[in-house]
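Novice: Structure in structure tokens, see below.
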Amino acid sequence: MQSFSSDIEAAKALKQKFEEIRKAIGHIIVGQEEVVNKLIISILCNGHSLLVGVPGLAKTLLVKTVADVLDLSFKRIQFTPDLMPSDITGAEILDETRQFKFLKGPIFANIILADEINRTPPKTQAALLEAMQEKNVTTGGILHKLPSPFFVLATQNPIEQEGTYPLPEAQLDRFMFMLTLDYPSFEEEVTIVRNTTGASNVELSKVMTANDILLFQDLIRKVPVPDNVLEYAVRLVHKTRPSNPTAPDASKQYVAYGAGPRASQYLILGAKAHALLNGKYSPDIEDVKAMALPVLRHRIVRNYKAEAEGIQQETLIKQLL
């Protein structure tokens, strides 16, 4: 584990490590720079991310690559309609001496890839809730701590709704970011096809350890935030709530429920990380704005009027900004 003589030195090291991580991921993942940046920010802020995109956009590969570059233990859980909570958390079993022993499930790793998280019923989805919020699992009345750091990076397919169970708002709110992946450009797709149909085999170097991540997470929390930036973030979240007297017409017209206080917390945390990674030692309003879309898009619940008129969350957030 590295030690730094000052927080300024640590901040410079973080910026350098961030560039190294991006470069290493770029050997495997072509394009998607914005998604990669936000995914790294969520990890540095100790937050979970939900990746949404059509099949074949390398969501699973991206998560696996991030785990490789960060030298963290990685487990993939394929969510299916018949998956049980104990398949995720683990179960009590009788050993040879007829004593109950807890057999750890795949959730006991640093990075969990919850693949197609909306394919499993709410009972199984709920098995992740305690792990994501409390960073521990309770079975048979006994508390089991999860390894640190711990992240759930989930994927979701937006087009196939048959045999899926929409994530409840309480669980969506546990995710710091919802990141949407778009199709690659023509040039990017040519590069992807060239790279993946040849004989080359890329060896990834480990850029950051678990201890480094914990150190940088502490550093980000120490970053000072001016009052006007803090108030701007809270005011932005308040604008999403239609019951709020200061809410603009767009919220009152198209929003059923706005974002909760967790959104304000994540806006500020994300802004702190965004500032450090851009060579600043304190966030400004631009850093908060950069976090607005991924933090708010899954926390704004549209009403029937918005759905009927095809008004998307992104459109509403841009109006609020």
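Lettering and numbering for the structure tokens are positional, with chains as A, B, ... in the shown order, residues counted from 1 in each chain, and ligands counted from 1 in the shown order.
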Give me, as a PyMOL selection string, the residues of region 21-270 of chain A that a backbone DSSP run labels strand (DSSP E).
Specialist: chain A and resi 48-52+74-78+90-94+100-104+111-115+136-139+142-145+151-156+175-180+255-257
Novice: Show me, as JSON, numbers by chain, the residues that have an atom within 10 Å of region 9-23 of chain A when counting only C-alpha atoms, minus same-chain residues fewer than 2 positions from it.
Specialist: {"A": [2, 3, 4, 5, 6, 7, 25, 26, 27, 28, 29, 33, 36, 37, 40, 41, 44, 66, 69, 70, 205, 206, 207, 208, 212, 213, 215, 216, 219, 220, 223, 273, 275, 276, 277, 278, 279, 280, 281]}
Novice: Name the closest residue to Gly140 (chain A) among the candidates A:Ile117, A:Ile93, A:Val152, A:Val193; distances are taken between atoms, counting only C-alpha atoms.
Specialist: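 Smallest distance to Gly140 (chain A) is found for A:Ile93.
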Novice: Hey, what does DSSP flag as helix (DSSP H, G or I) within region 5-178 of chain A? Can you give it to me as a PyMOL selection string?
Specialist: chain A and resi 7-26+33-44+59-69+85-89+117-119+122-125+127-134+169-172
Novice: Which residue out of A:Leu153, A:Ala256, A:Ala24, A:Leu214 has the minimum interatomic distance to Val301 (chain A) when only C-alpha atoms are used?
Specialist: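 For Val301 (chain A), the nearest of the candidates is A:Ala256.
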Novice: Just to confirm, what's the straight-line distance from CA of Phe100 (chain A) to CA of Ala127 (chain A) in Å (one decimal)?
Specialist: 21.1 Å
Novice: Need to verify the contact set: Pro106 (chain A), 10 Å, only C-alpha atoms, exclusion of same-chain residues closer than 6 positions in sequence. Can you return it as a ChimeraX atom specification?
Specialist: /A:74-77,86-90,112-113
Novice: Keeping only C-alpha atoms, write the selected residues as a PDB file, in the first residue's frame.
Specialist:
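That gives us selection-v6.pdb:
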ATOM      1  CA  PHE A  74     -14.444 -10.909  -9.128  1.00  0.00           C
ATOM      2  CA  LYS A  75     -17.575 -13.082  -9.239  1.00  0.00           C
ATOM      3  CA  ARG A  76     -20.277 -13.158 -11.885  1.00  0.00           C
ATOM      4  CA  ILE A  77     -23.868 -14.043 -10.961  1.00  0.00           C
ATOM      5  CA  SER A  86     -29.191 -18.516  -1.081  1.00  0.00           C
ATOM      6  CA  ASP A  87     -27.598 -18.910  -4.546  1.00  0.00           C
ATOM      7  CA  ILE A  88     -26.285 -15.358  -4.040  1.00  0.00           C
ATOM      8  CA  THR A  89     -25.557 -15.046  -0.326  1.00  0.00           C
ATOM      9  CA  GLY A  90     -24.690 -18.652   0.553  1.00  0.00           C
ATOM     10  CA  ILE A 112     -19.951  -8.607  -8.188  1.00  0.00           C
ATOM     11  CA  LEU A 113     -21.257  -8.638 -11.735  1.00  0.00           C
TER      12      LEU A 113
END
Novice: For the interface of region 263-301 of chain A with region 225-246 of chain A (cut-off 6 Å, counting only C-alpha atoms), please tabulate each contacting residue of region 263-301 of chain A alongside its nearest pair of atoms and their separation in Å to one decimal, rows sorted by chain and increasing number, as CSV.
Specialist:
residue,atom,partner,partner_atom,distance
A:Ser264,CA,A:Val234,CA,5.4
A:Ser282,CA,A:Val225,CA,6.0
A:Asp284,CA,A:Val229,CA,5.9
A:Ile285,CA,A:Val229,CA,5.5
Novice: Got a sec: who's within 8 Å of Asp173 (chain A), counting only C-alpha atoms, leaving out chain neighbours fewer than 2 positions off, as a count of residues only?
Specialist: 8
Novice: Do you know which residues are at most 12 Å from Thr315 (chain A) counting only C-alpha atoms, after dropping those on the same chain fewer than 5 positions away, and could you put them as a VMD selection string?
Specialist: chain A and resid 250 to 251 254 to 255 292 to 293 296 to 297 300 302 306 309 to 310 320 to 321
Novice: What separation in Å, quoted to one decimal, exists between CA of Gly270 (chain A) and CA of Val30 (chain A)?
Specialist: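 One can read the CA of Gly270 (chain A) to CA of Val30 (chain A) distance as 24.1 Å.
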Novice: Please measure the separation of CA of Met84 (chain A) and CA of Thr120 (chain A), giving the value in Å to one decimal.
Specialist: 8.7 Å
